[in-house]
Structure formats: C-alpha cells, structure tokens
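What follows is a single structure, written as structure tokens, with notes after it.
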Amino acid sequence: MKVVVIAQYPIERKGIISIISKQNNIQVSGEAATLTEGLNLLKDAKPDIAIVDTKLGDSTGLDLITMAKEKDISCKFILIGYIYEEDFISRALKSGVEGYLLRDAYPEDIIYAINQVIRGRQYFDAAILEYVLDARKPNISLLTPRETEILMELGKGLSNKQIAKIHYITEHTVKKHISRILRKLELKDRTQAAIYANKLRTGI
C-alpha cells in the first residue's frame, strides 16, 4: 500500500517515515509540510493512506482533508495529534477521517492503525474514545439485541447498505434502527454511536 506523511515539522515526518518504511507491505510515496504541498502530494502520488498532522501551520489537518474530499481525491486519512475538545473529534470523523492517533503513540500503534484502515476499518486511540464518552454513560441495556448488533456494525464503519446486506433487511429499516439507537443512548449522531461501539468492543 502507498502511504504519505503530511506534517509541519521535519522531525515528526521523518520519525513516522522511519517507522512505517520498515514494513514490507508499505511504500512511502512522499511527504509534505503544508496544506498546499499536501494537496499536491495527494494529487500526484495517489496514496492509499495519508497520515496527517492536526496542525499544518496556519491551517489544520481537517482543512486539508476537507479540501481533498472536495477535489474528489480518493484516499483514507489518519490524523495524528493531541486530544482536542469533543467537537473537534466529531468534526474529524464527519470529514471522512478513518483514524486518529495521538502524538505519543507507540510505533506498533501506528502500524496497527494503518493496517486496520487499509482493511476498511477505523482506528481511534483508546484515550480519545475515553475522552469523548467520559462525560456520557449511555446505557447499552436499553437496546434490543438487533439494535446492539447494528451498533456494533456502526463501530466497524459500515454503511447503511452494508449493514442491510449483512442482516438481510432494507436500508430504510437500518435507518430506523439507527434513529432508535441514537435516541435511546442520547447520542448526537452515528459518529458518536461508532465511537461508543468501539469503546464497548475494546472494553475501555
């Protein structure tokens, strides 16, 4: 798989590249330090995954990802940064981010995140999941067995169409289940539902 690293500081870029370049299944296809350089790199290198710093000078990693999506650049994104306020993380997920690593992540965490994302899954540092739901105590017992199953599918990052196919139901029925899940657990959107599902799955 082709991976690029977009981060403002050389030491961060070189550190990540040093870690991932040792993997036989990863080809480092370039690096960039700014939003403009990053967009050009994504366009030219056409990577499978981009590891993006949350801070890019006067811009943010979210700015880059949003612009990349607007330009129909096909790429999966993993942000790397600190724990920000819940709203930032929620916006990150809505922008199409498949992963979020912390700056103090171990090398094996970075490799694991990349491999999870390339398989079509999501990866978010356990500390982020804990932070987002720390103030919330959703009650899983309020859900029916089917709703619990669909909640777990949301945690895998599956679309309504994929969930419908797995459970042999219509997309409309999936939407109704998700609506009830959000209401019962008092969650804002499917993004928070996915985070909560991963929290349950990992046992944190």
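Please note that chains go A, B, ... in the order of the structure tokens, that every chain numbers its residues from 1, and that ligands are numbered from 1 in the order shown.
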- Task: Can you pull out every residue within 10 Å of Glu171 (chain A), counting only C-alpha atoms, but drop anything in the same chain fewer than 5 positions away, and send it as a PyMOL selection string?
- Result: chain A and resi 159-165+176-177
- Which residues, written as an MDAnalysis selection string, have at least one atom at most 10 Å from Ile114 (chain A), with only C-alpha atoms counted and residues fewer than 4 positions away on the same chain left out? chainID A and resid 1 3 20 26 48:51 76:78 98:99 108:110 118:119 121:123
Quick one: write out the picked residues with C-alpha atoms as a PDB file, in the first residue's frame?
ATOM      1  CA  MET A   1       0.000   0.000   0.000  1.00  0.00           C
ATOM      2  CA  VAL A   3       1.336   5.916   2.295  1.00  0.00           C
ATOM      3  CA  ILE A  20       6.453   2.684   8.518  1.00  0.00           C
ATOM      4  CA  ILE A  26       4.061  -0.217   2.988  1.00  0.00           C
ATOM      5  CA  ASP A  48      -3.950   4.677  -0.283  1.00  0.00           C
ATOM      6  CA  ILE A  49      -3.472   6.317   3.103  1.00  0.00           C
ATOM      7  CA  ALA A  50      -2.314   9.742   4.254  1.00  0.00           C
ATOM      8  CA  ILE A  51      -1.097  10.323   7.803  1.00  0.00           C
ATOM      9  CA  LYS A  76      -8.043   7.250   3.528  1.00  0.00           C
ATOM     10  CA  PHE A  77      -6.897   9.613   6.268  1.00  0.00           C
ATOM     11  CA  ILE A  78      -5.342   9.095   9.691  1.00  0.00           C
ATOM     12  CA  GLU A  98     -10.668   6.835   9.242  1.00  0.00           C
ATOM     13  CA  GLY A  99      -8.244   7.081  12.139  1.00  0.00           C
ATOM     14  CA  GLU A 108       3.236  -0.637  16.781  1.00  0.00           C
ATOM     15  CA  ASP A 109       0.124   1.507  17.241  1.00  0.00           C
ATOM     16  CA  ILE A 110       0.903   3.400  14.038  1.00  0.00           C
ATOM     17  CA  ILE A 118      -6.469  -0.300   4.759  1.00  0.00           C
ATOM     18  CA  ARG A 119      -8.851  -3.158   5.601  1.00  0.00           C
ATOM     19  CA  ARG A 121     -11.977  -0.350   9.349  1.00  0.00           C
ATOM     20  CA  GLN A 122     -11.466   2.631  11.647  1.00  0.00           C
ATOM     21  CA  TYR A 123      -8.872   3.149  14.341  1.00  0.00           C
TER      22      TYR A 123
END
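Residue nearest Thr173 (chain A), chosen from A:Leu93, A:Ala193, A:Leu187, A:Ile150 and counting only C-alpha atoms: A:Ile150.
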- Message: Let's see if you can do this: from backbone DSSP, list all alpha helix (DSSP H) residues in region 47-190 of chain A, as a PyMOL selection string.
- Response: chain A and resi 61-70+86-94+107-118+126-133+145-155+160-167+171-185+190
Once you have the residues from the selection above, write them out as a compact mmCIF listing (two decimals), in the first residue's frame, restricted to C-alpha atoms.
# COMPACT_ATOMS: atom_id res chain seq x y z
CA GLY A 61 -5.30 18.68 9.03
CA LEU A 62 -9.08 18.94 8.80
CA ASP A 63 -8.75 21.79 6.31
CA LEU A 64 -6.59 19.59 4.11
CA ILE A 65 -8.91 16.61 4.36
CA THR A 66 -12.00 18.70 3.61
CA MET A 67 -10.34 20.22 0.53
CA ALA A 68 -9.12 16.82 -0.62
CA LYS A 69 -12.66 15.46 -0.41
CA GLU A 70 -13.97 18.43 -2.36
CA GLU A 86 -15.07 16.60 21.65
CA ASP A 87 -16.40 18.85 18.89
CA PHE A 88 -13.06 18.70 17.04
CA ILE A 89 -13.03 14.91 17.11
CA SER A 90 -16.64 14.75 15.95
CA ARG A 91 -15.84 17.08 13.04
CA ALA A 92 -12.79 15.00 12.22
CA LEU A 93 -14.92 11.89 11.88
CA LYS A 94 -17.52 13.67 9.78
CA PRO A 107 5.38 2.50 16.64
CA GLU A 108 3.24 -0.64 16.78
CA ASP A 109 0.12 1.51 17.24
CA ILE A 110 0.90 3.40 14.04
CA ILE A 111 1.41 0.19 12.07
CA TYR A 112 -1.73 -1.35 13.55
CA ALA A 113 -3.79 1.74 12.69
CA ILE A 114 -2.58 1.71 9.08
CA ASN A 115 -3.38 -1.98 8.68
CA GLN A 116 -6.83 -1.53 10.20
CA VAL A 117 -7.68 1.39 7.96
CA ILE A 118 -6.47 -0.30 4.76
CA ALA A 126 -8.35 4.41 23.23
CA ALA A 127 -7.67 7.67 25.08
CA ILE A 128 -9.75 9.55 22.51
CA LEU A 129 -12.65 7.17 22.88
CA GLU A 130 -12.43 7.55 26.64
CA TYR A 131 -12.31 11.33 26.37
CA VAL A 132 -15.34 11.59 24.11
CA LEU A 133 -17.56 9.39 26.24
CA PRO A 145 -30.45 -7.45 20.52
CA ARG A 146 -30.86 -6.32 16.89
CA GLU A 147 -30.10 -2.70 17.78
CA THR A 148 -27.00 -3.84 19.65
CA GLU A 149 -25.85 -5.78 16.58
CA ILE A 150 -26.32 -2.75 14.35
CA LEU A 151 -24.50 -0.53 16.86
CA MET A 152 -21.51 -2.87 16.61
CA GLU A 153 -21.64 -2.65 12.79
CA LEU A 154 -21.54 1.15 13.09
CA GLY A 155 -18.38 0.73 15.13
CA ASN A 160 -26.32 1.50 5.91
CA LYS A 161 -26.21 -0.51 2.69
CA GLN A 162 -23.54 -2.85 4.07
CA ILE A 163 -25.43 -3.30 7.34
CA ALA A 164 -28.64 -4.03 5.46
CA LYS A 165 -26.92 -6.71 3.41
CA ILE A 166 -25.37 -8.40 6.45
CA HIS A 167 -28.68 -8.57 8.37
CA GLU A 171 -31.68 0.29 4.26
CA HIS A 172 -34.86 2.02 5.46
CA THR A 173 -35.07 -0.45 8.34
CA VAL A 174 -31.41 0.17 9.17
CA LYS A 175 -32.08 3.91 9.32
CA LYS A 176 -34.97 3.33 11.70
CA HIS A 177 -32.81 1.16 13.95
CA ILE A 178 -30.04 3.78 14.00
CA SER A 179 -32.52 6.51 14.84
CA ARG A 180 -33.78 4.49 17.82
CA ILE A 181 -30.21 3.70 18.90
CA LEU A 182 -29.27 7.39 18.95
CA ARG A 183 -32.42 8.31 20.85
CA LYS A 184 -32.05 5.58 23.47
CA LEU A 185 -28.34 6.23 24.06
CA ARG A 190 -23.85 7.89 14.09
- Item | d(CA of Ser21 (chain A), CA of Ile73 (chain A)) in Å | 23.3 Å
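Between CA of Tyr100 (chain A) and CA of Phe124 (chain A) lies a distance of 4.8 Å.
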- Message: Which residue is closest to Gly38 (chain A)? Choose from A:Ile11, A:Leu200, A:Val4, A:Ile16 and count only C-alpha atoms.
- Response: A:Val4
- Please return as a ChimeraX atom specification: the residues of region 18-148 of chain A that backbone DSSP assigns to strand (DSSP E or B). /A:27-32,49-53,55-56,59-60,76-81,97-102,123-124
Go ahead and dump the residues you just picked, C-alpha atoms, as a short mmCIF file (atom, residue, chain, number, x, y, z; two decimals), in the first residue's frame.
data_model
loop_
_atom_site.label_atom_id
_atom_site.label_comp_id
_atom_site.auth_asym_id
_atom_site.auth_seq_id
_atom_site.Cartn_x
_atom_site.Cartn_y
_atom_site.Cartn_z
CA GLN A 27 5.55 2.02 0.32
CA VAL A 28 6.27 5.58 1.47
CA SER A 29 5.22 7.69 -1.51
CA GLY A 30 6.19 11.14 -0.28
CA GLU A 31 5.97 13.77 2.43
CA ALA A 32 4.73 17.33 2.72
CA ILE A 49 -3.47 6.32 3.10
CA ALA A 50 -2.31 9.74 4.25
CA ILE A 51 -1.10 10.32 7.80
CA VAL A 52 -1.90 13.97 8.51
CA ASP A 53 -0.85 16.24 11.37
CA LYS A 55 -1.68 21.29 12.72
CA LEU A 56 -0.29 22.49 9.39
CA SER A 59 -4.20 25.53 8.67
CA THR A 60 -5.31 22.25 10.19
CA LYS A 76 -8.04 7.25 3.53
CA PHE A 77 -6.90 9.61 6.27
CA ILE A 78 -5.34 9.09 9.69
CA LEU A 79 -4.94 12.21 11.83
CA ILE A 80 -2.17 12.42 14.39
CA GLY A 81 -2.26 14.97 17.19
CA VAL A 97 -11.18 10.56 8.79
CA GLU A 98 -10.67 6.84 9.24
CA GLY A 99 -8.24 7.08 12.14
CA TYR A 100 -6.90 9.31 14.92
CA LEU A 101 -3.56 8.65 16.61
CA LEU A 102 -2.01 10.55 19.49
CA TYR A 123 -8.87 3.15 14.34
CA PHE A 124 -9.08 5.68 17.16
#
- Task: Provide the CA of Lys71 (chain A) to CA of Leu35 (chain A) distance in Å, to one decimal place.
- Result: 13.6 Å
